[in-house]
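This is protein07.txt. It holds compact mmCIF, C-alpha atoms.
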# COMPACT_ATOMS: atom_id res chain seq x y z
CA MET A 101 -17.51 29.61 -40.00
CA ASP A 102 -18.70 31.84 -37.20
CA MET A 103 -15.80 32.98 -34.99
CA SER A 104 -18.01 33.78 -32.02
CA SER A 105 -19.26 30.20 -31.70
CA SER A 106 -15.80 28.63 -32.11
CA SER A 107 -14.23 30.86 -29.48
CA HIS A 108 -17.06 30.08 -27.12
CA ASP A 109 -16.59 26.33 -27.61
CA SER A 110 -12.88 26.48 -26.79
CA MET A 111 -13.41 28.50 -23.62
CA HIS A 112 -14.07 26.32 -20.59
CA MET A 113 -16.60 27.75 -18.18
CA SER A 114 -16.25 26.61 -14.57
CA VAL A 115 -19.44 27.13 -12.66
CA PHE A 116 -20.39 25.07 -9.63
CA ASN A 117 -23.28 22.70 -10.14
CA ASN A 118 -25.44 20.74 -7.77
CA ASP A 119 -26.09 17.76 -10.01
CA MET A 120 -26.47 14.71 -7.83
CA MET A 121 -25.25 12.42 -10.62
CA THR A 122 -21.73 13.87 -10.83
CA ALA A 123 -19.11 11.16 -11.35
CA LEU A 124 -16.35 10.93 -8.74
CA TYR A 125 -13.00 9.48 -9.89
CA SER A 126 -14.65 7.28 -12.60
CA GLU A 127 -17.92 6.78 -14.43
CA ALA A 128 -18.51 3.71 -12.25
CA TRP A 129 -18.74 5.99 -9.20
CA THR A 130 -21.70 8.08 -10.27
CA PRO A 131 -24.34 8.39 -7.55
CA SER A 132 -27.80 7.67 -8.94
CA THR A 133 -29.83 7.96 -5.73
CA VAL A 134 -29.95 10.42 -2.88
CA GLY A 135 -28.47 7.77 -0.58
CA ALA A 136 -25.53 7.14 -2.93
CA TYR A 137 -24.90 10.88 -3.19
CA ALA A 138 -25.00 11.19 0.62
CA GLY A 139 -22.58 8.26 0.89
CA THR A 140 -20.21 9.98 -1.53
CA ILE A 141 -20.41 13.19 0.50
CA ILE A 142 -19.67 11.27 3.71
CA PHE A 143 -16.72 9.57 2.01
CA LEU A 144 -15.29 12.96 0.96
CA ILE A 145 -15.71 14.34 4.49
CA PHE A 146 -13.90 11.28 5.84
CA LEU A 147 -11.15 11.56 3.21
CA SER A 148 -10.59 15.24 3.98
CA ALA A 149 -10.45 14.57 7.71
CA LEU A 150 -8.06 11.67 7.04
CA PHE A 151 -5.81 14.06 5.12
CA ARG A 152 -5.52 16.26 8.22
CA VAL A 153 -4.94 13.22 10.44
CA LEU A 154 -2.11 12.10 8.14
CA LEU A 155 -0.51 15.55 8.32
CA ALA A 156 -0.74 15.49 12.12
CA ALA A 157 0.62 11.93 12.32
CA LYS A 158 3.58 12.87 10.14
CA ALA A 159 4.35 15.85 12.36
CA VAL A 160 4.20 13.64 15.47
CA VAL A 161 6.49 10.95 14.06
CA GLU A 162 8.92 13.57 12.71
CA ALA A 163 9.15 15.00 16.24
CA ARG A 164 9.74 11.50 17.66
CA TRP A 165 12.43 10.78 15.07
CA LEU A 166 14.16 14.06 15.90
CA ASP A 167 13.96 13.35 19.64
CA ALA A 168 15.44 9.88 19.10
CA GLU A 169 18.23 11.35 17.02
CA MET A 170 19.04 13.94 19.68
CA LYS A 171 19.17 11.26 22.40
CA ARG A 172 21.83 9.23 20.60
CA ARG A 173 25.01 8.56 22.48
CA TYR A 174 28.23 9.92 21.09
CA VAL A 175 31.68 8.62 21.97
CA VAL A 176 34.65 10.89 22.68
CA VAL A 177 37.62 9.90 20.56
CA GLN A 178 41.06 9.81 22.18
CA GLY A 179 43.22 12.71 21.05
CA LYS A 180 40.32 15.01 20.05
CA LEU A 181 39.57 18.24 21.86
CA PRO A 182 36.50 18.15 24.11
CA VAL A 183 33.57 20.22 22.85
CA SER A 184 34.02 22.77 25.65
CA GLU A 185 37.57 23.49 24.48
CA GLN A 186 36.53 23.57 20.81
CA ILE A 187 33.87 26.15 21.65
CA SER A 188 36.21 28.28 23.72
CA ARG A 189 38.72 28.41 20.82
CA ASP A 190 36.05 29.10 18.18
CA ASP A 191 36.07 32.68 16.90
CA LEU A 192 32.28 32.57 16.34
CA SER A 193 31.57 31.84 20.00
CA LYS A 194 31.16 34.62 22.54
CA ARG A 195 31.71 34.32 26.26
CA MET A 196 28.81 35.73 28.27
CA THR A 197 27.39 35.66 31.77
CA LEU A 198 23.91 34.30 32.33
CA THR A 199 22.11 35.35 35.51
CA GLU A 200 19.01 33.68 36.90
CA ASN A 201 17.62 34.17 40.42
CA GLY A 202 20.85 35.82 41.51
CA VAL A 203 23.05 32.93 40.35
CA GLU A 204 25.62 33.79 37.70
CA GLU A 205 26.91 31.27 35.20
CA ASP A 206 29.59 31.71 32.55
CA VAL A 207 28.29 30.46 29.18
CA PHE A 208 29.37 30.46 25.54
CA VAL A 209 26.98 31.65 22.86
CA VAL A 210 27.71 29.80 19.63
CA GLN A 211 26.46 30.64 16.15
CA ARG A 212 25.79 28.04 13.54
CA THR A 213 27.55 28.99 10.32
CA ARG A 214 25.93 26.50 7.95
CA GLN A 215 22.91 24.25 7.66
CA ILE A 216 23.34 20.89 9.35
CA TYR A 217 21.77 18.03 7.40
CA ARG A 218 20.80 14.81 9.07
CA PRO A 219 22.25 11.66 7.54
CA PHE A 220 20.17 9.09 5.64
CA ARG A 221 18.76 6.46 7.97
CA LEU A 222 17.14 3.30 6.68
CA SER A 223 14.89 3.10 9.74
CA VAL A 224 13.39 6.57 9.14
CA ASP A 225 13.70 7.81 5.57
CA PRO A 226 11.62 5.11 3.79
CA LEU A 227 8.81 5.70 6.31
CA ARG A 228 9.05 9.44 5.71
CA ALA A 229 8.83 8.86 1.95
CA ALA A 230 5.83 6.54 2.39
CA PHE A 231 4.03 9.12 4.56
CA ASP A 232 4.62 11.84 1.99
CA THR A 233 3.45 9.58 -0.84
CA VAL A 234 0.18 8.71 0.94
CA ILE A 235 -0.40 12.35 1.91
CA THR A 236 0.19 13.47 -1.67
CA GLY A 237 -2.13 10.78 -3.04
CA VAL A 238 -4.95 11.74 -0.69
CA GLY A 239 -4.40 15.41 -1.51
CA TYR A 240 -4.70 14.71 -5.24
CA LEU A 241 -7.88 12.67 -4.71
CA LEU A 242 -9.38 15.63 -2.84
CA MET A 243 -8.27 17.98 -5.62
CA LEU A 244 -9.96 15.78 -8.22
CA ALA A 245 -13.18 15.79 -6.19
CA VAL A 246 -13.19 19.58 -6.06
CA MET A 247 -12.41 19.77 -9.78
CA THR A 248 -15.75 18.11 -10.55
CA VAL A 249 -17.18 21.57 -9.66
CA ASN A 250 -19.97 19.86 -7.73
CA VAL A 251 -20.89 22.18 -4.87
CA GLY A 252 -21.75 19.24 -2.60
CA TYR A 253 -18.34 17.65 -3.16
CA PHE A 254 -16.62 20.99 -2.61
CA LEU A 255 -18.46 21.65 0.65
CA ALA A 256 -17.76 18.07 1.79
CA VAL A 257 -14.01 18.61 1.30
CA LEU A 258 -14.20 21.90 3.23
CA GLY A 259 -16.26 20.27 5.98
CA GLY A 260 -13.83 17.39 6.29
CA THR A 261 -10.91 19.81 6.43
CA PHE A 262 -12.65 21.71 9.22
CA LEU A 263 -13.46 18.51 11.11
CA GLY A 264 -9.96 17.07 10.73
CA THR A 265 -8.29 20.30 11.79
CA LEU A 266 -10.67 20.60 14.73
CA LEU A 267 -9.74 17.07 15.86
CA VAL A 268 -5.97 16.99 15.27
CA GLY A 269 -4.88 20.46 14.17
CA ARG A 270 -3.09 21.11 17.45
CA PHE A 271 -0.59 18.33 16.68
CA TYR A 272 0.98 20.05 13.71
CA SER A 273 1.76 23.44 12.31
CA ALA A 274 2.20 23.82 8.61
CA PRO A 275 3.64 27.24 7.74
CA GLY A 276 3.98 26.62 4.00
CA GLU A 277 0.88 24.48 3.60
CA HIS A 278 -1.48 25.17 0.72

Can you give me the file's structure in the form of C-alpha cells?
Amino acid sequence: MDMSSSSHDSMHMSVFNNDMMTALYSEAWTPSTVGAYAGTIIFLIFLSALFRVLLAAKAVVEARWLDAEMKRRYVVVQGKLPVSEQISRDDLSKRMTLTENGVEEDVFVVQRTRQIYRPFRLSVDPLRAAFDTVITGVGYLLMLAVMTVNVGYFLAVLGGTFLGTLLVGRFYSAPGEH
C-alpha cells in the first residue's frame, strides 16, 4: 500500500469553489439553474441581514427590560433605615462635594462591592431564551452555508452581514461578538 496516497486521502483540502450546483442544507436544495442559484444567494443575503436584525432587536428589548426594571416602585419598610442613612453609615461610601455652575451639593460616592444579579422573571427570561435560541439557530445556518466552501454562498453571507449592519448596526454593540 502506498503511504503517500493514503495520507492524501485522509487530508481534507478546503478550497473555495464556484460550482453553481452546490447543495445548501440538504441534497433537495441543490440549485440546478442560474435562477435557482441566484435565489439561493438572495436567501443567504436575507438570512445574514436577518441575523443582524435579530441581534439589534435583542439589544433593544434588553434595554427596554432593564428600563422597566429600573422604574419599578419599591416600598419602604417600617423600622428599616432609609437609604440615605444606610449610605452615610457605609464605610465604602465617601462624602464629597459636587460643584456645577457655581452651585455646590454634598453627595456620597458609593462603590459596589459585588455583582448584582437580577432575579428570574417569567415575563422576561423565557423571551430572552427564545431570542437567543433563534439567533443561535440562524447563526448555525449561516455557518453551514459558509462551510459548503462555495464562494457565492460565502460572499452572500458577507454581503448580508454588511447590509444588516448598515441597516440596524447602530441599535446594538456587541463587544464579544464573533

Could you tell me how far CA of Thr248 in chain A sits from CA of Tyr125 in chain A, in Å to one decimal place?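 According to the coordinates, CA of Tyr125 in chain A and CA of Thr248 in chain A are separated by 9.1 Å.
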
Would you work out the distance separating CA of Arg221 in chain A from CA of Leu150 in chain A, expressed in Å to one decimal?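 Between these atoms lies a distance of 27.3 Å.
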
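Excluding range 152-157 of chain A itself and any same-chain residue fewer than 3 positions from it, the protein and nucleic acid residues within 8 Å of it, counting all atoms listed in the file, are Ser148, Ala149, Val160, Val161, Phe231, Ile235, Thr261, Gly264, Thr265, Val268, Gly269, Phe271 and Tyr272 of chain A.
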
A:Val257, A:Asp232, A:Arg270, A:Trp165: which is nearest Ile145 in chain A, counting only C-alpha atoms?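 Counting only C-alpha atoms, the residue closest to Ile145 in chain A is A:Val257.
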
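One finds CA of Leu241 in chain A at 13.4 Å from CA of Gly260 in chain A.
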